[in-house]
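Trainee: Let me begin by handing over the structure; questions about it come next.
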Amino acid sequence: MDYFLTEDQQMIQDLARRVTQEKIVPFRAEFDEREEFAWDIMNNLAEMDLFGVYLPEEYGGVGGGCFELCLVVEELSRACGGIAISFAASALGAYPIFLYGNDQQKKKYLPQIAAGKKLGAFALTEADAGSDAGRIKTTARLDGDQYVLNGTKQWITNGGEAEIYTVIAMTDKSRGSRGASAFIVEKGTPGFEFGKKEKKMGIRSSCTRELIFTDCRVLKENLLSRAGMGFIIAMRTLDTSRPGIGAQAVGIAQGALDEAVTYARERVQFGKPISSFQAIQHMMADMATQVEAARALVYMAAKNIDSGAKDISKISAMSKVFASDVAMKVTTDAVQILGGYGYMRDYPVEKMMRDAKITQIYEGTNQIQRNVIALQLIKEKAKGK
Amino acid sequence: MKIIICIKQVPETGNIKIDPETHTLIRSGVPSIVNPLDLYAVEEALRWKEKLSVTTTVITMGPPQAKEALKEALSMGIDEGILLSDPQFAGADTFATSYTLSLAIKKLMPYNLILCGKQAIDGDTAQVGPGIAEHLDIPHLAYIRKIEEIDQKKGTLRAQRLMDDGYEIIEVKLPALLTVVKEINEPRLPSLKGKMRARKADLPVWKAEDLCHEDEGFFGLSASPTQVKTIFAPPSKVNVEIITGEAEEISQLLIERLKTQKIL
């Protein structure tokens with residue numbers, strides 16, 4: 001399927017494909033088994049300028065957008081969803097700065113993230129505040145020219161490995177979600193520590209930790225936009241980054257489909273390759289159709305965001321919901337086609353199935369995303385659109 | 001300091017097919033790549049560029065499409081590239097090729113170091129690197145697995161040469177030519193910004209008339225003392241017998257067969 005990529009986009013896709021084939025495919029099983037953060041590969045991606053594909057040149061990027069980011073995430077995910085999310089989570093940490101930072105904040109932090117010299121991370125979720133993000137308990141109290149942060153963030157991707165964190169904390173509890181604010185906090189700031197590394201079902205080469213703030217003082221100039229904007233910043237960031245999770249899901253699904261077709265052509269039962277049986281053919285046909293439909297939706301959502309569209313919540317949520325459900329279905333079917341072999345860790349599809357599951361959960365569960373889509377539909381009707 | 005790297009564009013051997021009639025390589029549809037061993041030479045130049053003040057120039061001789069090979073080197077970080085391309089150069093053997101390259105290198109004087117891959121994966125001769133050094137009358141070291149030191153003040157270089165049973169440490173006066181083996185480093189992948197720069201790069205093409213030579217007929221086929229007469233796949237002389245059956249049974253059969261052949 002030709003998506004009429006520009007010369008630059010084609011180049012980005014080719015490079016991401018090359019690094020995936022040469023550096024990720026041979027080692028992904030080891031990283032998964034050892035639950036090891038793939039620093040070598042992060043450094044490869046950095047040297048290749050891929051961390052800056054979505055940022056403008058003035059901040060050290062190459063001038064692409066959400067679409068270019070999706071192209072890279074998709075390619076990396078075809079081999080390893082864990083490595084892909086470590087890469088993508090850096091962008092998630094950078095987006096609030098890019099979207100809401102002042103010039104000084106952008107100039108200070110974005111070039112380091114674009115060069116891959118430092119990783120970014122985004123911290124919203126807490127133990128008692130997941131889908132109900134308005135209930136976060138982490139506080140930031142103004143004391144002179146500093147904010148004092150207290151609280152614990154949970155399940156933060158790149159936690160401990162990243163250097164630059166965007167953290168959402170309450171500056172005024174009485175105002176509910178309108179009392180949240182966003183701060184840039186650097187690793188090494190006194191009072192900022194990390195909890196244990198979580199043991200996960202999938203995306204095991206990525207690193208997930210708690211962030212623990214104990215009287216952690218950050219300068220007032222680390223506040224993004226103004227106090228009270230935290231929730232808006234978080235929601236806009238997630239709306240912008242969500243197609244990236246869609247792209248991760250498309251990549252995982254495509255990887256699983258590729259493995260399934262390759263296997264079906266080689267596996268002989270009843271004297272014939274199993275690809276000659278209609279039962280298998282129809283499964284493969286459905287898988288391929290779903291992957292292509294998911295890709296088309298993710299690409300259009302990303303292009304819509306890059307065009308500067310204002311109402312992006314619905315399309316962004318749709319792309320994530322659809323692609324992640326496809327990824328779960330297609331990886332499950334890939335394991336089915338590989339049969340007993342598919343269930344063994346000697347083949348990559350069981351890892352893909354484990355990796356796929358998280359795409360239905362994080363960056364807003366698919367249930368919450370459906371709420372967003374439905375709410376938007378009702379609002380649009382009410383406005384007479 | 002100036003490092004010159006000589007590279008060659010070769011067919012990707014992973015997909016190579018031989019014409020069963022003519023026994024020659026089917027080139028159409030086969031993608032071209034930079035000779036993999038030459039990428040180690042490119043990488044080594046880039047690593048010294050990161051350590052010392054070095055300018056890097058990559059040259060290749062070949063048809064116009066060999067510009068792609070130069071662009072690959074540029075996208076990895078090499079400063080400039082020059083293509084030597086002229087119908088007169090066609091059909092050159094290793095002698096004529098190394099002579100042509102040496103003339104181009106003379107035009108690039110002064111230089112300190114020339115790096116080449118050990119050999120190309122298509123011809124497999126390992127002669128062009130040393131041949132260039134002979135034409136230029138400079139020292140050369142082949143099979144280098146590590147450059148230990150470059151002393152710019154003394155104008156010397158110390159390197160490890162891979163041997164069958166270990167390695168030698170050799171010091172050489174610059175300018176010199178080195179051919180490198182894959183133990184020397186791990187070549188980087190091209191970068192996005194490198195690729196964007198390479199796309200816009202102006203790559204000069206030098207023809208025969210741009211190279212200062214004494215006489216006519218010094219290039220290509222006519223200047224080549226050796227010629228490839230035919231290429232063929234040697235006919236299989238081995239009779240292959242495939243033993244089938246249960247593992248225990250066939251392993252017994254195999255041992256008996258090896259015993260009768262007096263191999264065991």
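Simple scheme: letters A, B, ... for chains in structure tokens order, numbers from 1 for residues in each chain, numbers from 1 for ligands in the order shown.
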What are the residues of chain A that have an atom within 10 Å of an atom of chain B, counting only C-alpha atoms, as a list of chain:residue names?
Mentor: A:Glu7, A:Asp8, A:Met11, A:Ile12, A:Asp14, A:Leu15, A:Ala16, A:Arg18, A:Val19, A:Glu22, A:Lys23, A:Asn44, A:Leu45, A:Ala46, A:Glu47, A:Met48, A:Asp49, A:Leu50, A:Gly52, A:Val53, A:Gly61, A:Val62
Trainee: As a PDB file with C-alpha atoms, in the first residue's frame, please: every residue in range 215-324 of chain A that DSSP puts in helix (DSSP H, G or I).
Mentor:
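Once written, out-v8.pdb looks like this:
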```pdb
ATOM      1  CA  LYS A 220       9.261  28.738  39.457  1.00  0.00           C
ATOM      2  CA  GLU A 221      10.660  29.019  35.940  1.00  0.00           C
ATOM      3  CA  ASN A 222      10.114  25.236  35.590  1.00  0.00           C
ATOM      4  CA  GLY A 230      -1.805  21.240  34.196  1.00  0.00           C
ATOM      5  CA  PHE A 231      -4.851  19.249  33.241  1.00  0.00           C
ATOM      6  CA  ILE A 232      -5.283  21.006  29.908  1.00  0.00           C
ATOM      7  CA  ILE A 233      -1.592  20.488  29.151  1.00  0.00           C
ATOM      8  CA  ALA A 234      -1.851  16.786  30.023  1.00  0.00           C
ATOM      9  CA  MET A 235      -4.960  16.230  27.909  1.00  0.00           C
ATOM     10  CA  ARG A 236      -3.595  18.113  24.887  1.00  0.00           C
ATOM     11  CA  THR A 237      -0.289  16.209  25.189  1.00  0.00           C
ATOM     12  CA  LEU A 238      -2.070  12.850  25.252  1.00  0.00           C
ATOM     13  CA  ASP A 239      -4.328  13.850  22.341  1.00  0.00           C
ATOM     14  CA  THR A 240      -1.180  14.653  20.349  1.00  0.00           C
ATOM     15  CA  SER A 241       0.768  11.570  21.340  1.00  0.00           C
ATOM     16  CA  ARG A 242      -2.033   9.002  21.186  1.00  0.00           C
ATOM     17  CA  PRO A 243      -1.633   8.237  17.437  1.00  0.00           C
ATOM     18  CA  GLY A 244       1.923   7.254  18.416  1.00  0.00           C
ATOM     19  CA  ILE A 245       0.454   4.435  20.503  1.00  0.00           C
ATOM     20  CA  GLY A 246      -1.746   3.625  17.507  1.00  0.00           C
ATOM     21  CA  ALA A 247       1.440   3.428  15.423  1.00  0.00           C
ATOM     22  CA  GLN A 248       3.029   1.176  18.032  1.00  0.00           C
ATOM     23  CA  ALA A 249      -0.024  -1.100  17.809  1.00  0.00           C
ATOM     24  CA  VAL A 250       0.055  -1.104  13.988  1.00  0.00           C
ATOM     25  CA  GLY A 251       3.758  -1.997  14.062  1.00  0.00           C
ATOM     26  CA  ILE A 252       3.280  -4.849  16.543  1.00  0.00           C
ATOM     27  CA  ALA A 253       0.362  -6.181  14.479  1.00  0.00           C
ATOM     28  CA  GLN A 254       2.315  -5.928  11.217  1.00  0.00           C
ATOM     29  CA  GLY A 255       5.259  -7.744  12.799  1.00  0.00           C
ATOM     30  CA  ALA A 256       2.979 -10.549  13.943  1.00  0.00           C
ATOM     31  CA  LEU A 257       1.271 -10.770  10.533  1.00  0.00           C
ATOM     32  CA  ASP A 258       4.666 -11.021   8.802  1.00  0.00           C
ATOM     33  CA  GLU A 259       5.699 -13.854  11.114  1.00  0.00           C
ATOM     34  CA  ALA A 260       2.388 -15.655  10.626  1.00  0.00           C
ATOM     35  CA  VAL A 261       2.526 -15.535   6.811  1.00  0.00           C
ATOM     36  CA  THR A 262       6.166 -16.644   6.745  1.00  0.00           C
ATOM     37  CA  TYR A 263       5.388 -19.548   9.051  1.00  0.00           C
ATOM     38  CA  ALA A 264       2.219 -20.575   7.206  1.00  0.00           C
ATOM     39  CA  ARG A 265       4.181 -20.920   3.976  1.00  0.00           C
ATOM     40  CA  GLU A 266       6.797 -23.144   5.606  1.00  0.00           C
ATOM     41  CA  ILE A 274      -0.747 -24.758   5.961  1.00  0.00           C
ATOM     42  CA  SER A 275      -0.996 -21.542   3.909  1.00  0.00           C
ATOM     43  CA  SER A 276      -2.858 -23.601   1.317  1.00  0.00           C
ATOM     44  CA  GLN A 278      -8.624 -21.876   3.488  1.00  0.00           C
ATOM     45  CA  ALA A 279      -9.038 -21.761   7.276  1.00  0.00           C
ATOM     46  CA  ILE A 280      -5.566 -20.219   7.546  1.00  0.00           C
ATOM     47  CA  GLN A 281      -5.974 -18.083   4.406  1.00  0.00           C
ATOM     48  CA  HIS A 282      -9.096 -16.404   5.750  1.00  0.00           C
ATOM     49  CA  MET A 283      -7.412 -15.684   9.076  1.00  0.00           C
ATOM     50  CA  MET A 284      -4.444 -14.103   7.279  1.00  0.00           C
ATOM     51  CA  ALA A 285      -6.751 -12.105   4.994  1.00  0.00           C
ATOM     52  CA  ASP A 286      -8.668 -10.678   7.973  1.00  0.00           C
ATOM     53  CA  MET A 287      -5.458  -9.886   9.843  1.00  0.00           C
ATOM     54  CA  ALA A 288      -3.979  -8.041   6.857  1.00  0.00           C
ATOM     55  CA  THR A 289      -7.188  -6.095   6.244  1.00  0.00           C
ATOM     56  CA  GLN A 290      -7.419  -5.018   9.877  1.00  0.00           C
ATOM     57  CA  VAL A 291      -3.764  -3.935   9.978  1.00  0.00           C
ATOM     58  CA  GLU A 292      -4.151  -1.867   6.817  1.00  0.00           C
ATOM     59  CA  ALA A 293      -7.334  -0.213   8.121  1.00  0.00           C
ATOM     60  CA  ALA A 294      -5.634   0.586  11.442  1.00  0.00           C
ATOM     61  CA  ARG A 295      -2.622   2.054   9.659  1.00  0.00           C
ATOM     62  CA  ALA A 296      -4.810   4.254   7.461  1.00  0.00           C
ATOM     63  CA  LEU A 297      -6.668   5.600  10.512  1.00  0.00           C
ATOM     64  CA  VAL A 298      -3.473   6.230  12.505  1.00  0.00           C
ATOM     65  CA  TYR A 299      -1.827   8.026   9.575  1.00  0.00           C
ATOM     66  CA  MET A 300      -4.887  10.206   9.001  1.00  0.00           C
ATOM     67  CA  ALA A 301      -5.123  11.064  12.701  1.00  0.00           C
ATOM     68  CA  ALA A 302      -1.452  12.064  12.739  1.00  0.00           C
ATOM     69  CA  LYS A 303      -1.813  14.138   9.574  1.00  0.00           C
ATOM     70  CA  ASN A 304      -4.896  15.797  11.018  1.00  0.00           C
ATOM     71  CA  ILE A 305      -2.943  16.806  14.120  1.00  0.00           C
ATOM     72  CA  ASP A 306      -0.016  18.061  12.021  1.00  0.00           C
ATOM     73  CA  SER A 313      -9.562  14.380  20.737  1.00  0.00           C
ATOM     74  CA  LYS A 314     -11.993  12.224  18.799  1.00  0.00           C
ATOM     75  CA  ILE A 315      -9.794  11.194  15.869  1.00  0.00           C
ATOM     76  CA  SER A 316      -6.828  10.728  18.186  1.00  0.00           C
ATOM     77  CA  ALA A 317      -8.851   8.446  20.486  1.00  0.00           C
ATOM     78  CA  MET A 318     -10.299   6.533  17.520  1.00  0.00           C
ATOM     79  CA  SER A 319      -6.850   5.813  16.090  1.00  0.00           C
ATOM     80  CA  LYS A 320      -5.600   4.461  19.422  1.00  0.00           C
ATOM     81  CA  VAL A 321      -8.694   2.395  20.206  1.00  0.00           C
ATOM     82  CA  PHE A 322      -8.960   0.818  16.791  1.00  0.00           C
ATOM     83  CA  ALA A 323      -5.258   0.102  16.261  1.00  0.00           C
ATOM     84  CA  SER A 324      -4.754  -1.350  19.743  1.00  0.00           C
TER      85      SER A 324
END
```
Trainee: Return the single residue from B:Thr230, B:Thr13, B:Thr55, B:Ser222 that is closest to Ile26 in chain B, with distances computed using only C-alpha atoms.
Mentor: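 Ranking B:Thr230, B:Thr13, B:Thr55, B:Ser222 by distance to Ile26 in chain B, first place goes to B:Thr13.
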Trainee: Per DSSP on the backbone, what are the strand (DSSP E) residues of range 104-133 of chain A, as number ranges by chain?
Mentor: A: 120-123
Trainee: Keeping N, CA, C and O atoms for every residue in the selection just given, could you write it to a file as a CSV table (one decimal), in the first residue's frame?
Mentor:
```
chain,number,residue,atom,x,y,z
A,120,GLY,N,13.2,11.9,27.6
A,120,GLY,CA,12.1,12.5,28.4
A,120,GLY,C,11.2,11.5,28.9
A,120,GLY,O,11.2,10.3,28.6
A,121,ALA,N,10.3,12.0,29.8
A,121,ALA,CA,9.2,11.1,30.4
A,121,ALA,C,8.1,12.0,30.9
A,121,ALA,O,8.3,13.2,31.1
A,122,PHE,N,6.9,11.4,30.9
A,122,PHE,CA,5.7,12.2,31.3
A,122,PHE,C,5.1,11.5,32.5
A,122,PHE,O,4.9,10.3,32.5
A,123,ALA,N,4.7,12.3,33.5
A,123,ALA,CA,4.2,11.7,34.7
A,123,ALA,C,2.9,12.3,35.2
A,123,ALA,O,2.8,13.4,35.7
```
Trainee: What does the distance between CA of Val58 in chain B and CA of Asn43 in chain A come to in Å, to one decimal place?
Mentor: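 According to the coordinates, CA of Val58 in chain B and CA of Asn43 in chain A are separated by 25.7 Å.
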Trainee: Give me the residues near Ile83 in chain A as a ChimeraX atom specification, where near means some atom within 9 Å (using only C-alpha atoms) and where sequence neighbours in that chain fewer than 6 positions away do not count.
Mentor: /A:24,28,31,37-38,41-42,76-77,203-206
Trainee: For Glu44 in chain B, which residue out of B:Lys71, B:Lys146, B:His140, B:Arg158 is the nearest one, using only C-alpha atoms?
Mentor: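 Ranking B:Lys71, B:Lys146, B:His140, B:Arg158 by distance to Glu44 in chain B, first place goes to B:Lys146.
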Trainee: What does the distance from CA of Ile5 in chain B to CA of Cys116 in chain B come to in Å, to one decimal?
Mentor: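 These atoms are spaced 5.9 Å apart.
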Trainee: Ranking A:Arg345, A:Arg217, A:Lys351, A:Lys357 by minimum distance to Ala79 in chain A and counting only C-alpha atoms, which one comes first?
Mentor: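 When distances to Ala79 in chain A are compared using only C-alpha atoms, the smallest one comes from A:Lys351.
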Trainee: Under the rule that only C-alpha atoms are counted, which of A:Gly364, A:Gly82, A:Gly144, A:Gly101 is the nearest residue to Thr166 in chain A?
Mentor: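 Among the listed residues, the smallest separation from Thr166 in chain A belongs to A:Gly101.
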